[in-house]
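**Student:** Please read through the structure below; I'll follow up with questions.
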Amino acid sequence: MRYMMNAMRMNLRRAAQYRASFLMQICSQIVMTGGDLWAMLMLLERYGRMGHWEGREILFFFGAMHLVFSVTEMINRGLGHFGSSIRSGAFDTMLTRPRRLLTQVLLSELDPRRVGTMAVGITAMAVATALIGIEWTVWKVLLLLWSMTATVCLMLGLFLLEAVICFFSVQSIEMVNILTYGGRQTCQYPVDLYPDFIRILFTYVVPVALCLQYPVSRVLGRPMAAGIPDGLLWLCPLAGPGFLALMTLFWCFGVRRYRSTGS
Amino acid sequence: MRYRAYTTAFRVEARQQTRYRGAAMGGIVTQVFFGLILVALYDTLSGGTDEGFRRTATYVWLQQIFFRAYFNLDSELNDQVMTGNVAYSMLRPVDLHSWWFWRAMAQKIITIAMRILPMLLLQLLLPERWRLLPPADIPAFVQFAFSLLIGFMIICQINLICSAISMRTLDNKGITAMINLLMMILAGNIIPLTLVPDRLQTLIRLQPFAQLLDAPIRMYQGMASPGEWLAAAALQLGWLVLLWGLCRWMWSRNLLRIEVQGG
Amino acid sequence: MSEPLIRAEGLTKRYRRSTGGKGLTGFFGRSTETVDGLVDATFRVEPGEIVGLLGPNGAGKSTTVKLLTGILRPDGGSCSVGGLVPWRDRRTYTAGIGTVFGQRMQLWWDVPILDSFRLLRDIYRVEETAWKNRLDELAEALALGDLLNVPLRQLSLGQRMRAELCGSLLHSPKLLFLDEPTIGLDAVSKLNLREFLLLERERHGTTILLTTHDMADMQALCRRVLVLGHGRLLYDGSLHDILQRYDTRHEVRCRFAGEPVWQDIPSSVALRRDEGEWELSFAPHAIPADEVLRLILAAGRIEELTLKEAPVDEMVAEMYNALHLS
């Protein structure tokens, strides 16, 4: 526990060392999310609505996805750079320390710059809430929190998958971005806007829709055309932690292989 | 004979780039996936208006095929700028600005040459409705090719201007990230400029980033009249001349400064 | 005799390296060849020893270090250190060892080194007062007192290496691995480092395993060496003895008053004239030194005479040659 707190403080201090660059990078993070936001507004301006969703509802989905993704990125930076950790020998160093490897990797690089994009996500959700006039109840808040936490787990699982692939081949890494960054790109809009194969991919294979969008649609009080049985609402987000657990097993397999091949 | 050094810079760099074929393949799959998501989304949003959607899809695919080249940064120049070693290359009896310019051009052109065929072949896997349309006619294709080349030249100048600024500030991350993001938004990668509301569109077309890929794509799809083509081509050339001049001026000033400081 | 600290029996590690085939073929590992990392190595290390690992690049030194630190898992044989199996009991085991790699820094790059030391305290679960005392002791011995609040990146290479050593010893490990710790260091830093290591061993009885290409370090620190080549353990014993074996060239330079008259020079002695001096080189195992000296005395009246051994690097080169390692 103390290790965790100290590691977090350390990451903050590291960021603070380069203050000017830090602010600049927060700005560019905001511009990046801003770019997606701009694209969304342009589309709404041209088409008025997206499928059966109104603009303000789209804005809520958008905010939720970007918030979840930036929280994940804040935690997972070490996984994101895992390929270079292997090459530089930083991972070997972790192997010579008496702590769980995954803990060390996750704590090695927290990224406080993501507060910028987090703020964009939260703002989008707040504005959307006001525009829609959502009446918040305890259940809705709990459902939203649960589903967002679960989605963070899911995204972490995806980044973990990416890291494990680094054990095997560093070259194929750009392809795995399809699931992480492609997932963010796709799921900033409700999946029922997409044709079946994309919808199924992001509902059952990479269950973003189960974890995040389906519960969000209930919070908004709107049905979602994703073909998910109604009664399982609170169970659906379990797919996120489940996915993460599966990927943790895969991670252990990867570490085993790394230690026996030493490649 | 005077230009031998620059053609050599071009050739050597071109051969260097072909080494990264493996990474390029991963990139292509990613690019196609991202394109697919966008096309699928626009298909839903356009709600069956065929003519408009197919033009948009073509726009998206051309962006996906060519945009990657615009992102390439010359990492060697970058390293030299950050370490200050750029001063040493003054020992070579060549015009530095032209030297780095031709290297950069080689990088862009080879990046595209390696990607274009696989990207076009992958089109065949798509449902016909989502595919890239051929150019409007032969003159349109010729216009497109020339315009694309000018687009490459413009981005190379922009990159070199960034390097010139980094030479002063010695921080390249901030400025590169910013330029890349602006480029994604303003060059029509995140959302086709043709989908931006009409009034804004005329304005946005005037800025330099629109000359990179938006102008060539519009020529590919066929201009309404020779006059329109002339105006677009003149605008592109105008930006090229302006940025070229600015860039040369900045480089000569910087190098002068290095000389004065004694490296 | 006490129980050995490190006990390696038939320790073996082979690598599969893919030959050609990138991307997907490389991914599934179709065409591979086996490379010997370490084959059938058996050795013991007693507590408190300083043992050097010697061998040309690619001989298996890093593999040995990686196996003993628990980074890699052996394909065959066994090794136990202090009763633990490094790769199996990784978390218990690594709490009791320290590692320093000259080629890469293990402390955090951007923060003051004191912050790194605090984090290491938490990683190794060192109790606060014990940590404080140990830090004071190490900071004094390594002259780090004024540098604790300086970020690692602003330190010189020598200072960085001292900081790394301090970091690796904060949890008072019984066993310390040093992989080329003096690489790139200047003469003063090297001397200080050696002195510190000897002091550390004297005070705490720390066992040290050292790899280095710097023979001066090796001679100053290790009495015993393990010589590795092509993944095999070729020699285990005294450093002095093995060097003697490959000490193939002694040189005598002398100046005579007047022209010397050489008589019956055997073929094992090479005679060379260099300006006004004469140089005789010979292999000590082929002809005894007193024999050579007699030859010189018989040749004329000596004005000046110097005797020198071959540089140690040449002995090592000779040894690698003889063992077919180069």
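Following the order of the structure tokens, chains are lettered A, B, ..., residues in each are numbered from 1, and ligands are numbered from 1.
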Which neighbours of Pro284 of chain C fall inside 8 Å, counting only C-alpha atoms, when residues of the same chain fewer than 4 positions from it are skipped, and could you give them as a list in words?
**Tutor:**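 Residues near the query, excluding close chain neighbours: Asp247, Thr248, Arg249, His250, Pro288 and Ala289 of chain C.
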**Student:** At a cut-off of 7 Å, can you tabulate as JSON lines every residue of chain A near chain B together with its closest atom pair and the distance in Å to one decimal, using only C-alpha atoms and ordering rows by chain then number?
**Tutor:**
```
{"residue": "A:Ser21", "atom": "CA", "partner": "B:Gly174", "partner_atom": "CA", "distance": 6.4}
{"residue": "A:Met24", "atom": "CA", "partner": "B:Gly174", "partner_atom": "CA", "distance": 5.8}
{"residue": "A:Gln25", "atom": "CA", "partner": "B:Gly174", "partner_atom": "CA", "distance": 6.1}
{"residue": "A:Ser28", "atom": "CA", "partner": "B:Met178", "partner_atom": "CA", "distance": 5.7}
{"residue": "A:Met32", "atom": "CA", "partner": "B:Leu181", "partner_atom": "CA", "distance": 6.1}
{"residue": "A:Gly35", "atom": "CA", "partner": "B:Ile185", "partner_atom": "CA", "distance": 5.9}
{"residue": "A:Ala39", "atom": "CA", "partner": "B:Ile191", "partner_atom": "CA", "distance": 5.6}
{"residue": "A:Met42", "atom": "CA", "partner": "B:Val196", "partner_atom": "CA", "distance": 5.7}
{"residue": "A:Arg46", "atom": "CA", "partner": "B:Pro197", "partner_atom": "CA", "distance": 6.6}
{"residue": "A:Tyr47", "atom": "CA", "partner": "B:Leu45", "partner_atom": "CA", "distance": 6.8}
{"residue": "A:Met50", "atom": "CA", "partner": "B:Leu45", "partner_atom": "CA", "distance": 6.0}
{"residue": "A:Gly51", "atom": "CA", "partner": "B:Leu45", "partner_atom": "CA", "distance": 6.5}
{"residue": "A:Gln171", "atom": "CA", "partner": "B:Ala23", "partner_atom": "CA", "distance": 5.8}
{"residue": "A:Ser172", "atom": "CA", "partner": "B:Gly26", "partner_atom": "CA", "distance": 5.9}
{"residue": "A:Glu174", "atom": "CA", "partner": "B:Gly26", "partner_atom": "CA", "distance": 5.6}
{"residue": "A:Met175", "atom": "CA", "partner": "B:Gly26", "partner_atom": "CA", "distance": 5.1}
{"residue": "A:Ile178", "atom": "CA", "partner": "B:Thr30", "partner_atom": "CA", "distance": 5.8}
{"residue": "A:Gly182", "atom": "CA", "partner": "B:Phe34", "partner_atom": "CA", "distance": 6.6}
{"residue": "A:Thr186", "atom": "CA", "partner": "B:Ile37", "partner_atom": "CA", "distance": 6.5}
{"residue": "A:Leu193", "atom": "CA", "partner": "B:Thr44", "partner_atom": "CA", "distance": 6.4}
{"residue": "A:Tyr194", "atom": "CA", "partner": "B:Leu41", "partner_atom": "CA", "distance": 6.0}
{"residue": "A:Pro195", "atom": "CA", "partner": "B:Ala40", "partner_atom": "CA", "distance": 6.8}
```
**Student:** Could you list, as an NGL selection string, the residues of chain C having an atom within 9 Å of chain A when counting only C-alpha atoms?
**Tutor:** :C and (13-17 or 22-24 or 26-28 or 66 or 69-75 or 87 or 90-99 or 104-106 or 109-111 or 115-116 or 118-125)
**Student:** Within 12 Å of Leu235 of chain B, counting only C-alpha atoms, which residues show up once you throw out same-chain ones fewer than 3 positions away? Write them as a PDB file with N, CA, C and O atoms, in the first residue's frame, please.
**Tutor:**
```pdb
ATOM      1  N   SER B 147      -1.040  17.310 -57.772  1.00  0.00           N
ATOM      2  CA  SER B 147      -1.451  18.015 -56.572  1.00  0.00           C
ATOM      3  C   SER B 147      -0.936  17.302 -55.317  1.00  0.00           C
ATOM      4  O   SER B 147      -0.506  17.923 -54.348  1.00  0.00           O
ATOM      5  N   ILE B 150       2.667  18.118 -54.768  1.00  0.00           N
ATOM      6  CA  ILE B 150       2.807  19.446 -54.160  1.00  0.00           C
ATOM      7  C   ILE B 150       2.450  19.369 -52.678  1.00  0.00           C
ATOM      8  O   ILE B 150       3.104  19.964 -51.830  1.00  0.00           O
ATOM      9  N   GLY B 151       1.419  18.553 -52.368  1.00  0.00           N
ATOM     10  CA  GLY B 151       1.034  18.356 -50.970  1.00  0.00           C
ATOM     11  C   GLY B 151       2.196  17.809 -50.161  1.00  0.00           C
ATOM     12  O   GLY B 151       2.479  18.285 -49.058  1.00  0.00           O
ATOM     13  N   ILE B 154       4.670  20.486 -49.507  1.00  0.00           N
ATOM     14  CA  ILE B 154       4.225  21.427 -48.468  1.00  0.00           C
ATOM     15  C   ILE B 154       4.452  20.826 -47.081  1.00  0.00           C
ATOM     16  O   ILE B 154       4.995  21.483 -46.189  1.00  0.00           O
ATOM     17  N   ARG B 205     -10.865  25.585 -46.290  1.00  0.00           N
ATOM     18  CA  ARG B 205     -10.131  25.160 -47.478  1.00  0.00           C
ATOM     19  C   ARG B 205      -8.963  26.079 -47.780  1.00  0.00           C
ATOM     20  O   ARG B 205      -8.072  25.717 -48.546  1.00  0.00           O
ATOM     21  N   LEU B 206      -8.978  27.289 -47.229  1.00  0.00           N
ATOM     22  CA  LEU B 206      -7.927  28.251 -47.560  1.00  0.00           C
ATOM     23  C   LEU B 206      -6.626  27.984 -46.798  1.00  0.00           C
ATOM     24  O   LEU B 206      -5.554  28.356 -47.236  1.00  0.00           O
ATOM     25  N   GLN B 207      -6.732  27.310 -45.651  1.00  0.00           N
ATOM     26  CA  GLN B 207      -5.534  27.186 -44.813  1.00  0.00           C
ATOM     27  C   GLN B 207      -4.581  26.104 -45.345  1.00  0.00           C
ATOM     28  O   GLN B 207      -4.989  25.238 -46.112  1.00  0.00           O
ATOM     29  N   PRO B 208      -3.308  26.179 -44.959  1.00  0.00           N
ATOM     30  CA  PRO B 208      -2.285  25.331 -45.592  1.00  0.00           C
ATOM     31  C   PRO B 208      -2.537  23.839 -45.431  1.00  0.00           C
ATOM     32  O   PRO B 208      -2.243  23.078 -46.347  1.00  0.00           O
ATOM     33  N   PHE B 209      -3.095  23.390 -44.280  1.00  0.00           N
ATOM     34  CA  PHE B 209      -3.265  21.956 -44.076  1.00  0.00           C
ATOM     35  C   PHE B 209      -4.260  21.355 -45.072  1.00  0.00           C
ATOM     36  O   PHE B 209      -4.162  20.190 -45.426  1.00  0.00           O
ATOM     37  N   ALA B 210      -5.208  22.191 -45.541  1.00  0.00           N
ATOM     38  CA  ALA B 210      -6.165  21.692 -46.522  1.00  0.00           C
ATOM     39  C   ALA B 210      -5.484  21.422 -47.857  1.00  0.00           C
ATOM     40  O   ALA B 210      -6.012  20.700 -48.704  1.00  0.00           O
ATOM     41  N   GLN B 211      -4.303  22.010 -48.069  1.00  0.00           N
ATOM     42  CA  GLN B 211      -3.598  21.805 -49.337  1.00  0.00           C
ATOM     43  C   GLN B 211      -2.931  20.438 -49.384  1.00  0.00           C
ATOM     44  O   GLN B 211      -2.515  19.977 -50.432  1.00  0.00           O
ATOM     45  N   LEU B 212      -2.777  19.802 -48.223  1.00  0.00           N
ATOM     46  CA  LEU B 212      -2.023  18.555 -48.177  1.00  0.00           C
ATOM     47  C   LEU B 212      -2.753  17.425 -48.897  1.00  0.00           C
ATOM     48  O   LEU B 212      -2.183  16.741 -49.723  1.00  0.00           O
ATOM     49  N   ALA B 215      -7.187  19.112 -51.097  1.00  0.00           N
ATOM     50  CA  ALA B 215      -7.166  19.627 -52.471  1.00  0.00           C
ATOM     51  C   ALA B 215      -6.946  18.496 -53.477  1.00  0.00           C
ATOM     52  O   ALA B 215      -7.725  18.374 -54.439  1.00  0.00           O
ATOM     53  N   PRO B 216      -5.930  17.620 -53.278  1.00  0.00           N
ATOM     54  CA  PRO B 216      -5.773  16.507 -54.217  1.00  0.00           C
ATOM     55  C   PRO B 216      -7.025  15.640 -54.313  1.00  0.00           C
ATOM     56  O   PRO B 216      -7.424  15.258 -55.412  1.00  0.00           O
ATOM     57  N   GLU B 228     -12.322  26.382 -61.474  1.00  0.00           N
ATOM     58  CA  GLU B 228     -12.251  25.927 -60.081  1.00  0.00           C
ATOM     59  C   GLU B 228     -10.930  25.207 -59.841  1.00  0.00           C
ATOM     60  O   GLU B 228     -10.263  25.397 -58.820  1.00  0.00           O
ATOM     61  N   TRP B 229     -10.547  24.384 -60.851  1.00  0.00           N
ATOM     62  CA  TRP B 229      -9.291  23.653 -60.732  1.00  0.00           C
ATOM     63  C   TRP B 229      -8.117  24.625 -60.654  1.00  0.00           C
ATOM     64  O   TRP B 229      -7.240  24.500 -59.816  1.00  0.00           O
ATOM     65  N   LEU B 230      -8.160  25.639 -61.552  1.00  0.00           N
ATOM     66  CA  LEU B 230      -7.091  26.623 -61.613  1.00  0.00           C
ATOM     67  C   LEU B 230      -6.936  27.326 -60.262  1.00  0.00           C
ATOM     68  O   LEU B 230      -5.828  27.487 -59.741  1.00  0.00           O
ATOM     69  N   ALA B 231      -8.062  27.694 -59.683  1.00  0.00           N
ATOM     70  CA  ALA B 231      -8.036  28.404 -58.408  1.00  0.00           C
ATOM     71  C   ALA B 231      -7.411  27.520 -57.325  1.00  0.00           C
ATOM     72  O   ALA B 231      -6.547  27.962 -56.554  1.00  0.00           O
ATOM     73  N   ALA B 232      -7.840  26.228 -57.292  1.00  0.00           N
ATOM     74  CA  ALA B 232      -7.331  25.314 -56.266  1.00  0.00           C
ATOM     75  C   ALA B 232      -5.835  25.092 -56.431  1.00  0.00           C
ATOM     76  O   ALA B 232      -5.066  25.132 -55.467  1.00  0.00           O
ATOM     77  N   GLY B 238       0.684  28.582 -54.281  1.00  0.00           N
ATOM     78  CA  GLY B 238       0.951  29.791 -53.505  1.00  0.00           C
ATOM     79  C   GLY B 238       1.456  29.438 -52.116  1.00  0.00           C
ATOM     80  O   GLY B 238       2.487  29.957 -51.658  1.00  0.00           O
ATOM     81  N   TRP B 239       0.774  28.509 -51.444  1.00  0.00           N
ATOM     82  CA  TRP B 239       1.208  28.087 -50.107  1.00  0.00           C
ATOM     83  C   TRP B 239       2.590  27.464 -50.153  1.00  0.00           C
ATOM     84  O   TRP B 239       3.429  27.700 -49.286  1.00  0.00           O
ATOM     85  N   LEU B 240       2.826  26.641 -51.177  1.00  0.00           N
ATOM     86  CA  LEU B 240       4.126  25.981 -51.285  1.00  0.00           C
ATOM     87  C   LEU B 240       5.240  27.018 -51.363  1.00  0.00           C
ATOM     88  O   LEU B 240       6.217  26.955 -50.613  1.00  0.00           O
ATOM     89  N   VAL B 241       5.060  28.008 -52.269  1.00  0.00           N
ATOM     90  CA  VAL B 241       6.095  29.032 -52.433  1.00  0.00           C
ATOM     91  C   VAL B 241       6.305  29.788 -51.125  1.00  0.00           C
ATOM     92  O   VAL B 241       7.433  29.975 -50.657  1.00  0.00           O
ATOM     93  N   LEU B 242       5.205  30.152 -50.512  1.00  0.00           N
ATOM     94  CA  LEU B 242       5.275  30.930 -49.270  1.00  0.00           C
ATOM     95  C   LEU B 242       6.031  30.161 -48.173  1.00  0.00           C
ATOM     96  O   LEU B 242       6.960  30.668 -47.545  1.00  0.00           O
TER      97      LEU B 242
END
```
